[in-house]
Structure formats: structure tokens, C-alpha cells
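What follows is the content of data-v4.cif, which has mmCIF, C-alpha atoms:
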```
data_my_file
#
loop_
_atom_site.label_atom_id
_atom_site.label_comp_id
_atom_site.auth_asym_id
_atom_site.auth_seq_id
_atom_site.Cartn_x
_atom_site.Cartn_y
_atom_site.Cartn_z
CA MET A 452 -24.52 20.82 15.89
CA PRO A 453 -23.31 17.51 17.34
CA LEU A 454 -19.58 16.93 17.00
CA SER A 455 -20.25 13.51 15.49
CA LYS A 456 -21.56 15.20 12.34
CA LEU A 457 -18.29 17.12 11.94
CA ARG A 458 -16.16 14.00 11.92
CA PRO A 459 -14.97 12.82 8.50
CA ASP A 460 -16.57 9.69 7.15
CA LEU A 461 -13.69 7.20 6.93
CA ARG A 462 -15.75 4.11 6.21
CA SER A 463 -14.76 4.01 2.55
CA LEU A 464 -11.10 4.09 3.56
CA ARG A 465 -11.57 1.31 6.12
CA GLU A 466 -13.58 -0.92 3.79
CA SER A 467 -11.48 -0.65 0.62
CA ARG A 468 -7.87 -1.78 0.75
CA ASP A 469 -7.33 -0.65 -2.83
CA LEU A 470 -8.59 2.83 -1.98
CA ARG A 471 -6.10 3.02 0.91
CA ARG A 472 -3.28 2.07 -1.44
CA VAL A 473 -4.16 4.68 -4.03
CA VAL A 474 -4.81 7.44 -1.49
CA PHE A 475 -1.59 6.71 0.42
CA GLY A 476 0.40 6.67 -2.81
CA ASN A 477 -1.22 9.92 -3.86
CA VAL A 478 -0.41 11.64 -0.57
CA VAL A 479 3.27 10.68 -0.66
CA SER A 480 3.61 11.47 -4.37
CA ASN A 481 1.90 14.83 -4.01
CA LEU A 482 4.21 15.81 -1.15
CA GLY A 483 7.12 15.31 -3.53
CA THR A 484 5.33 17.30 -6.23
CA GLN A 485 4.82 20.22 -3.87
CA ALA A 486 8.52 20.15 -2.97
CA THR A 487 9.37 20.52 -6.65
CA LEU A 488 6.88 23.37 -7.03
CA VAL A 489 8.91 25.21 -4.38
CA ALA A 490 12.29 24.22 -5.83
CA LEU A 491 11.62 25.35 -9.42
CA PRO A 492 10.99 29.07 -8.78
CA TYR A 493 13.72 29.10 -6.14
CA GLN A 494 16.23 27.67 -8.60
CA LEU A 495 15.18 30.12 -11.31
CA TYR A 496 15.63 33.08 -9.01
CA ILE A 497 18.99 31.85 -7.73
CA GLU A 498 20.19 31.38 -11.32
CA THR A 499 18.74 34.55 -12.89
CA HIS A 500 17.85 37.01 -10.07
CA SER A 501 14.86 37.95 -12.27
CA PRO A 502 11.34 37.98 -10.81
CA LEU A 503 10.02 38.22 -14.37
CA LEU A 504 11.60 34.92 -15.42
CA VAL A 505 10.28 33.32 -12.24
CA GLY A 506 6.79 34.57 -12.99
CA LEU A 507 6.95 33.25 -16.55
CA LEU A 508 7.34 29.74 -15.16
CA GLY A 509 3.59 29.53 -14.60
CA ALA A 510 2.90 30.56 -18.19
CA VAL A 511 5.28 27.89 -19.46
CA GLU A 512 3.53 25.22 -17.38
CA LEU A 513 0.00 26.30 -18.33
CA VAL A 514 -0.20 24.89 -21.87
CA PRO A 515 1.03 21.34 -21.07
CA LEU A 516 -1.11 21.29 -17.93
CA VAL A 517 -4.33 22.13 -19.79
CA THR A 518 -3.44 19.92 -22.78
CA ALA A 519 -2.60 16.88 -20.64
CA SER A 520 -5.79 17.32 -18.62
CA LEU A 521 -7.96 17.38 -21.74
CA LEU A 522 -6.22 14.55 -23.54
CA GLY A 523 -5.81 12.53 -20.34
CA GLY A 524 -9.55 12.41 -19.75
CA ALA A 525 -10.17 11.04 -23.24
CA ILE A 526 -7.31 8.54 -22.96
CA ALA A 527 -8.51 7.33 -19.54
CA ASP A 528 -11.85 6.39 -21.16
CA ARG A 529 -10.07 4.17 -23.67
CA MET A 530 -7.38 2.23 -21.81
CA ASP A 531 -6.62 0.57 -18.50
CA ARG A 532 -6.34 3.47 -16.07
CA ARG A 533 -3.97 1.53 -13.86
CA ARG A 534 -1.57 1.11 -16.76
CA LEU A 535 -1.96 4.78 -17.65
CA LEU A 536 -1.10 5.76 -14.08
CA LEU A 537 1.97 3.50 -14.02
CA LEU A 538 3.23 4.86 -17.35
CA ASP A 539 2.70 8.37 -16.07
CA GLN A 540 4.81 7.62 -12.99
CA ILE A 541 7.70 6.60 -15.24
CA GLY A 542 7.51 10.01 -16.89
CA LEU A 543 7.37 11.78 -13.53
CA VAL A 544 10.37 9.87 -12.17
CA LEU A 545 12.45 10.55 -15.28
CA THR A 546 11.57 14.25 -15.36
CA ALA A 547 12.18 14.84 -11.65
CA GLY A 548 15.39 12.83 -11.95
CA ALA A 549 16.50 15.04 -14.84
CA LEU A 550 15.85 18.15 -12.74
CA ALA A 551 17.85 16.65 -9.88
CA GLY A 552 20.71 15.71 -12.20
CA ALA A 553 20.82 19.18 -13.74
CA ALA A 554 20.83 20.75 -10.27
CA PHE A 555 23.63 18.44 -9.10
CA VAL A 556 25.74 19.42 -12.12
CA GLY A 557 25.05 23.07 -11.39
CA HIS A 558 23.82 26.14 -13.32
CA PRO A 559 21.57 24.49 -15.95
CA PRO A 560 20.29 26.69 -18.81
CA VAL A 561 17.05 28.50 -18.10
CA VAL A 562 15.53 26.97 -21.24
CA LEU A 563 16.21 23.49 -19.86
CA ILE A 564 14.52 24.35 -16.55
CA TYR A 565 11.49 25.69 -18.41
CA ALA A 566 11.31 22.61 -20.64
CA LEU A 567 11.52 20.14 -17.76
CA ALA A 568 9.00 22.16 -15.72
CA ALA A 569 6.56 22.06 -18.65
CA VAL A 570 6.96 18.30 -19.08
CA LEU A 571 6.55 17.77 -15.33
CA ALA A 572 3.35 19.84 -15.29
CA GLY A 573 1.92 17.73 -18.09
CA PHE A 574 2.70 14.43 -16.35
CA ALA A 575 1.31 15.76 -13.05
CA ALA A 576 -1.96 16.73 -14.75
CA LEU A 577 -2.19 13.31 -16.37
CA GLN A 578 -1.65 11.67 -12.97
CA ASN A 579 -4.54 13.65 -11.48
CA VAL A 580 -6.85 12.57 -14.29
CA ALA A 581 -5.90 8.88 -14.12
CA ARG A 582 -6.15 8.74 -10.33
CA SER A 583 -9.50 10.52 -10.26
CA ALA A 584 -10.85 8.06 -12.83
CA ILE A 585 -9.72 5.09 -10.74
CA ILE A 586 -11.24 6.06 -7.38
CA PRO A 587 -14.92 5.46 -8.34
CA ASN A 588 -13.99 1.86 -9.22
CA LEU A 589 -12.55 1.15 -5.77
CA VAL A 590 -15.61 1.78 -3.58
CA ASP A 591 -19.33 1.10 -3.60
CA ALA A 592 -21.55 3.81 -5.04
CA SER A 593 -22.84 4.57 -1.54
CA ARG A 594 -19.30 5.35 -0.36
CA LEU A 595 -18.18 7.34 -3.38
CA ARG A 596 -18.92 10.75 -1.91
CA SER A 597 -16.86 10.12 1.21
CA ALA A 598 -14.03 8.58 -0.81
CA LEU A 599 -13.79 11.63 -3.04
CA ALA A 600 -13.97 13.93 -0.02
CA ILE A 601 -11.13 12.06 1.73
CA ASN A 602 -8.97 12.12 -1.38
CA TYR A 603 -9.59 15.81 -2.01
CA GLY A 604 -9.08 16.72 1.64
CA LEU A 605 -5.75 14.93 1.84
CA ILE A 606 -4.62 16.62 -1.36
CA GLN A 607 -5.27 19.97 0.28
CA VAL A 608 -3.21 18.88 3.28
CA THR A 609 -0.27 18.01 1.02
CA MET A 610 -0.56 21.43 -0.65
CA VAL A 611 -0.08 23.04 2.77
CA VAL A 612 2.54 20.69 4.21
CA GLY A 613 4.45 19.88 1.01
CA PRO A 614 5.90 23.35 0.30
CA GLY A 615 7.14 23.54 3.88
CA LEU A 616 8.87 20.17 3.53
CA GLY A 617 10.35 21.33 0.23
CA GLY A 618 11.76 24.43 1.90
CA LEU A 619 13.25 22.34 4.69
CA LEU A 620 14.86 19.99 2.17
CA ILE A 621 16.40 22.89 0.27
CA GLY A 622 17.64 24.56 3.44
CA ALA A 623 19.06 21.39 4.98
CA PHE A 624 20.41 19.41 2.03
CA GLY A 625 20.33 21.64 -1.02
CA LEU A 626 18.22 22.15 -4.10
CA PRO A 627 18.95 18.84 -5.91
CA TRP A 628 17.57 16.79 -3.03
CA ALA A 629 14.16 18.44 -3.30
CA TYR A 630 13.93 17.14 -6.86
CA ALA A 631 15.33 13.77 -5.83
CA ALA A 632 12.68 13.54 -3.10
CA ASP A 633 10.02 14.13 -5.75
CA ALA A 634 11.40 11.33 -7.93
CA ILE A 635 11.55 8.94 -4.97
CA SER A 636 8.04 9.84 -3.79
CA CYS A 637 6.59 8.70 -7.13
CA PHE A 638 7.40 5.11 -6.20
CA ALA A 639 4.71 5.26 -3.51
CA MET A 640 2.12 5.73 -6.25
CA VAL A 641 3.80 3.00 -8.31
CA PHE A 642 3.46 0.54 -5.41
CA GLY A 643 -0.12 1.63 -4.75
CA ALA A 644 -1.20 1.29 -8.38
CA TRP A 645 0.70 -1.96 -8.88
CA ALA A 646 -1.09 -3.58 -5.95
CA ILE A 647 -4.61 -2.97 -7.25
CA GLY A 648 -6.27 -4.84 -10.08
CA PRO A 649 -6.70 -3.66 -13.67
CA GLN A 650 -8.93 -0.60 -14.01
CA ARG A 651 -10.44 -0.94 -17.46
CA PRO A 652 -13.12 1.49 -18.61
CA ALA A 653 -16.65 0.30 -17.89
CA ILE A 654 -17.92 1.30 -21.35
CA SER A 655 -16.76 -1.12 -24.04
CA GLN A 656 -18.50 0.47 -27.03
CA ALA A 657 -16.52 2.13 -29.81
CA HIS A 658 -15.26 5.59 -29.02
CA GLN A 659 -14.78 8.65 -31.16
CA PRO A 660 -11.21 9.66 -32.04
CA VAL A 661 -9.47 11.30 -29.09
CA LEU A 662 -9.30 14.81 -30.56
CA GLN A 663 -12.91 14.65 -31.71
CA SER A 664 -13.97 13.57 -28.22
CA VAL A 665 -12.03 16.46 -26.65
CA ALA A 666 -13.61 18.92 -29.09
CA GLU A 667 -17.08 17.63 -28.26
CA GLY A 668 -16.41 18.09 -24.55
CA LEU A 669 -15.22 21.66 -25.12
CA ARG A 670 -18.37 22.40 -27.13
CA PHE A 671 -20.48 21.10 -24.26
CA VAL A 672 -18.65 23.35 -21.79
CA ARG A 673 -19.06 26.35 -24.10
CA GLY A 674 -22.80 25.72 -24.29
CA ASN A 675 -23.17 25.61 -20.48
CA GLN A 676 -22.72 29.14 -19.16
CA ALA A 677 -22.45 28.13 -15.51
CA LEU A 678 -19.81 25.50 -16.25
CA LEU A 679 -17.90 27.80 -18.61
CA GLY A 680 -17.85 30.57 -16.03
CA SER A 681 -16.64 28.21 -13.32
CA PHE A 682 -13.80 26.91 -15.50
CA ALA A 683 -12.82 30.41 -16.64
CA ILE A 684 -12.68 31.79 -13.11
CA ASP A 685 -10.64 28.84 -11.88
CA LEU A 686 -8.23 29.07 -14.81
CA VAL A 687 -7.69 32.82 -14.36
CA ALA A 688 -7.20 32.39 -10.60
CA MET A 689 -4.71 29.56 -11.05
CA THR A 690 -2.81 31.50 -13.73
CA PHE A 691 -2.73 35.02 -12.33
CA GLY A 692 -3.81 34.74 -8.72
CA MET A 693 -1.34 32.25 -7.26
CA PRO A 694 1.30 34.06 -5.15
CA ARG A 695 3.61 31.04 -5.06
CA ALA A 696 5.81 32.48 -7.81
CA LEU A 697 6.72 35.35 -5.47
CA PHE A 698 7.66 33.15 -2.52
CA ALA A 699 11.13 32.34 -3.86
CA VAL A 700 11.84 36.01 -4.57
CA LEU A 701 10.66 37.08 -1.12
CA SER A 702 12.47 34.28 0.69
CA VAL A 703 15.84 35.18 -0.86
CA SER A 704 15.67 38.95 -1.36
CA VAL A 705 13.66 39.96 1.72
CA TYR A 706 14.00 37.20 4.33
CA HIS A 707 17.43 35.91 3.16
CA ALA A 708 16.34 32.31 3.59
CA GLY A 709 17.65 29.23 1.81
CA ARG A 710 21.02 27.59 1.58
CA ARG A 711 23.65 29.71 3.31
CA GLU A 712 26.11 29.86 0.43
CA GLN A 713 23.38 30.64 -2.11
CA VAL A 714 21.86 33.41 -0.02
CA CYS A 715 25.26 35.02 0.54
CA SER A 716 25.92 35.01 -3.20
CA THR A 717 22.61 36.70 -3.93
CA ARG A 718 23.15 39.39 -1.32
CA ARG A 719 26.49 40.31 -2.85
CA SER A 720 26.24 42.57 -5.88
CA PRO A 721 27.87 41.13 -9.02
CA SER A 722 30.03 44.24 -9.35
CA GLU A 723 30.99 44.31 -5.68
CA PRO A 724 34.51 42.95 -5.11
CA ARG A 725 34.95 40.30 -2.48
CA SER A 726 36.71 41.48 0.66
CA ARG A 727 40.19 40.13 1.21
CA ARG A 728 41.48 39.05 4.55
#
```

Spit out the file's structure as C-alpha cells when you get a sec.
Amino acid sequence: MPLSKLRPDLRSLRESRDLRRVVFGNVVSNLGTQATLVALPYQLYIETHSPLLVGLLGAVELVPLVTASLLGGAIADRMDRRRLLLLDQIGLVLTAGALAGAAFVGHPPVVLIYALAAVLAGFAALQNVARSAIIPNLVDASRLRSALAINYGLIQVTMVVGPGLGGLLIGAFGLPWAYAADAISCFAMVFGAWAIGPQRPAISQAHQPVLQSVAEGLRFVRGNQALLGSFAIDLVAMTFGMPRALFAVLSVSVYHAGRREQVCSTRRSPSEPRSRR
């Protein structure tokens, strides 16, 4: 096979300035999101020393993630998607800022961490829906396939690179700065979305109520066995098959990685008296 056929098709990125803005903003914002996804289980394990409570984080995030994805699709069909994306960034900045503030203060309640993680998961899901709905409006129909491939491919890159950057931030500067980096990274998406024009839905006819529209979509999925099976497998894999929840436990308890003072405190048993010099 000629090497030319293996090269990514970047014509959509070169031809559309608005696509470059949205994709660049998405890459930077998603790097910050991945840093937070590392920081949350790490913070829970440092605070509780309980792998069970760390594992429950995914269950807490699941409901708002699914709910925001379903409602976000219906909302994106009814309002300016650019405005929806900008409003969502405000929520992401405030939530990541709250996590950073709680970490700076020190030892936040576990319930607060769970609550903020759930809200953050919902806003992140809404961002994915709004951004995905915008991209088809930024390129010609002939370039849509390559635009989607570029966007998806770069998201996968951030999912590989982002956790590593999050770990470096925690190790070098401390846990709060990983959350602060997430809040700051959202402004890249704000600038990208602000620079493009309004992204109103193409269909102007009257819509069903939001909940009725969501219910109709779920009925369609239930009636399509192939689609239902695909969604079910993906949901089960994302819920029970992601090993990320164990990374924080392994990094601290097995590899003794992380901030020096935090790792030392976890290695010392609570009942073990400190040695005196």
C-alpha cells in the first residue's frame, strides 16, 4: 500500500479556519479534562485510603454523564450550539475552579468531591455533544468525513497524553494545580467558540418537548438491535472495564509515586508513631 494513502487527510483543517479554532480549543480543553480525571481518584485515595470509594467515583459520574448526553442532544437541536458551548464552558470553569479551591483549602469532604465530580462529568458530556453538533457546520459535506476523523483522532491523543501531563502537574506542583490547569484550559474552547459565527440549528420547524424527544430517541434505539447492542457494550465497558480508577491506588500504594509529602503520609500507618530525633 502506498504511504500516501496512510497519511491523514488534513484538507478540511487547512480550508476551514473555524474548524481549526474549534479543534484547537477542544484539544487544549480536553488535555485539562484528562488531568482532572487523574486528579480526582488520586485525591480520593489520598484522603480516604479506600480503593472502594475510589471505584465508586465512576458510578457517581455515570448518571450525570448519560443524562447530560441525552438532554444535550435534544437541546443542541433547539438553540444556538455556539451559545450552548459557551454556557457549558462557564460551568466547566466554575466546577474545576471549585475543585481547585477545595484542594487548596485541604481535606474537603468526600461528598463534596463526589458532587463536584458528578457536575463536572455532566458538563463534559454536554461539551462533547455541543462540539460534535457544530463540526458538520464548519466544513463542506465532502470534507465532513476527514473533519470528524481529525477531531476524533486528536481526542484520542489527548486521552493518552493528558493523564501523563496531569500526573506531572500533581508531582511537580501539587494536586490543586491539576484542577486549576483544567479550569484555565477551558478558556481555549471559549476563545475558539467565540471566534466562530452563530451555529443555529438548520431545522426551523417546531420541535417536540425535550423529554418527549429523548424518549422517542430511546425507543428508536430499543427497536434497533444492532444499535442497542453497540450502546450496551460500550456503556458496560466504560463503566466496568476502565482500569483508570486503579491507577491512583497503584501509583501510591505500589509505586509510591506522587507528591513526596503525600506519599510519605500514606506509607506511614495511622497507628504508627512518628520517630523522634

Report task. Counting all atoms listed in the file, note down every residue that has an atom within 7 Å of the point (0.6, 19.5, -17.2) (file coordinates), as an MDAnalysis selection string. Result -> chainID A and resid 512:513 515:520 569:577

Kindly export the residues of the current selection with C-alpha atoms, as a short mmCIF file (atom, residue, chain, number, x, y, z; two decimals), keeping the file's coordinate frame.
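selection-v6.cif was written with the following content:
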```cif
data_model
loop_
_atom_site.label_atom_id
_atom_site.label_comp_id
_atom_site.auth_asym_id
_atom_site.auth_seq_id
_atom_site.Cartn_x
_atom_site.Cartn_y
_atom_site.Cartn_z
CA GLU A 512 3.53 25.22 -17.38
CA LEU A 513 0.00 26.30 -18.33
CA PRO A 515 1.03 21.34 -21.07
CA LEU A 516 -1.11 21.29 -17.93
CA VAL A 517 -4.33 22.13 -19.79
CA THR A 518 -3.44 19.92 -22.78
CA ALA A 519 -2.60 16.88 -20.64
CA SER A 520 -5.79 17.32 -18.62
CA ALA A 569 6.56 22.06 -18.65
CA VAL A 570 6.96 18.30 -19.08
CA LEU A 571 6.55 17.77 -15.33
CA ALA A 572 3.35 19.84 -15.29
CA GLY A 573 1.92 17.73 -18.09
CA PHE A 574 2.70 14.43 -16.35
CA ALA A 575 1.31 15.76 -13.05
CA ALA A 576 -1.96 16.73 -14.75
CA LEU A 577 -2.19 13.31 -16.37
#
```

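Considering all atoms listed in the file, the residue among A:Val561, A:Val703, A:Leu545, A:Ala584 positioned nearest to Val511 of chain A is A:Val561.
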
Query raised in the report: What residues come out when you apply the PyMOL selection byres ((chain A and resi 617) around 10) to this file, written as number ranges by chain?
Result: A: 482-490, 612-616, 618-623, 626, 628-630, 632-633

Report task. Give as a list in words the residues that the PyMOL selection byres ((chain A and resi 532) around 8) matches when applied to the coordinates above. Result ->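 So the PyMOL selection byres ((chain A and resi 532) around 8) ends up selecting Ala527, Met530, Asp531, Arg533, Arg534, Leu535, Leu536, Ala581, Arg582, Ala584, Ile585, Pro649, Gln650, Arg651 and Pro652 of chain A.
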
Query raised in the report: So which residues touch Val556 of chain A within 12 Å, counting all atoms listed in the file, skipping near sequence neighbours fewer than 5 positions away, as a ChimeraX atom specification?
Result: /A:549-551,626-627

Query raised in the report: So how many Å separate atom CA of Tyr603 of chain A and atom CA of Val473 of chain A, to one decimal?
Result: 12.5 Å

Query raised in the report: Residues picked by the PyMOL selection byres ((chain A and resi 591-594) around 10) here, as a VMD selection string?
Result: chain A and resid 460 to 464 466 to 467 587 to 590 595 to 599

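Here the question is which of A:Ile601, A:Ala644, A:Leu567, A:Ala525 gets nearest to Pro459 of chain A using all atoms listed in the file, and that residue is A:Ile601.
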
Query raised in the report: Please, what distance in Å, to one decimal, runs between atom CA of Ala600 of chain A and atom CA of Ala639 of chain A?
Result: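 According to the coordinates, atom CA of Ala600 of chain A and atom CA of Ala639 of chain A are separated by 20.9 Å.
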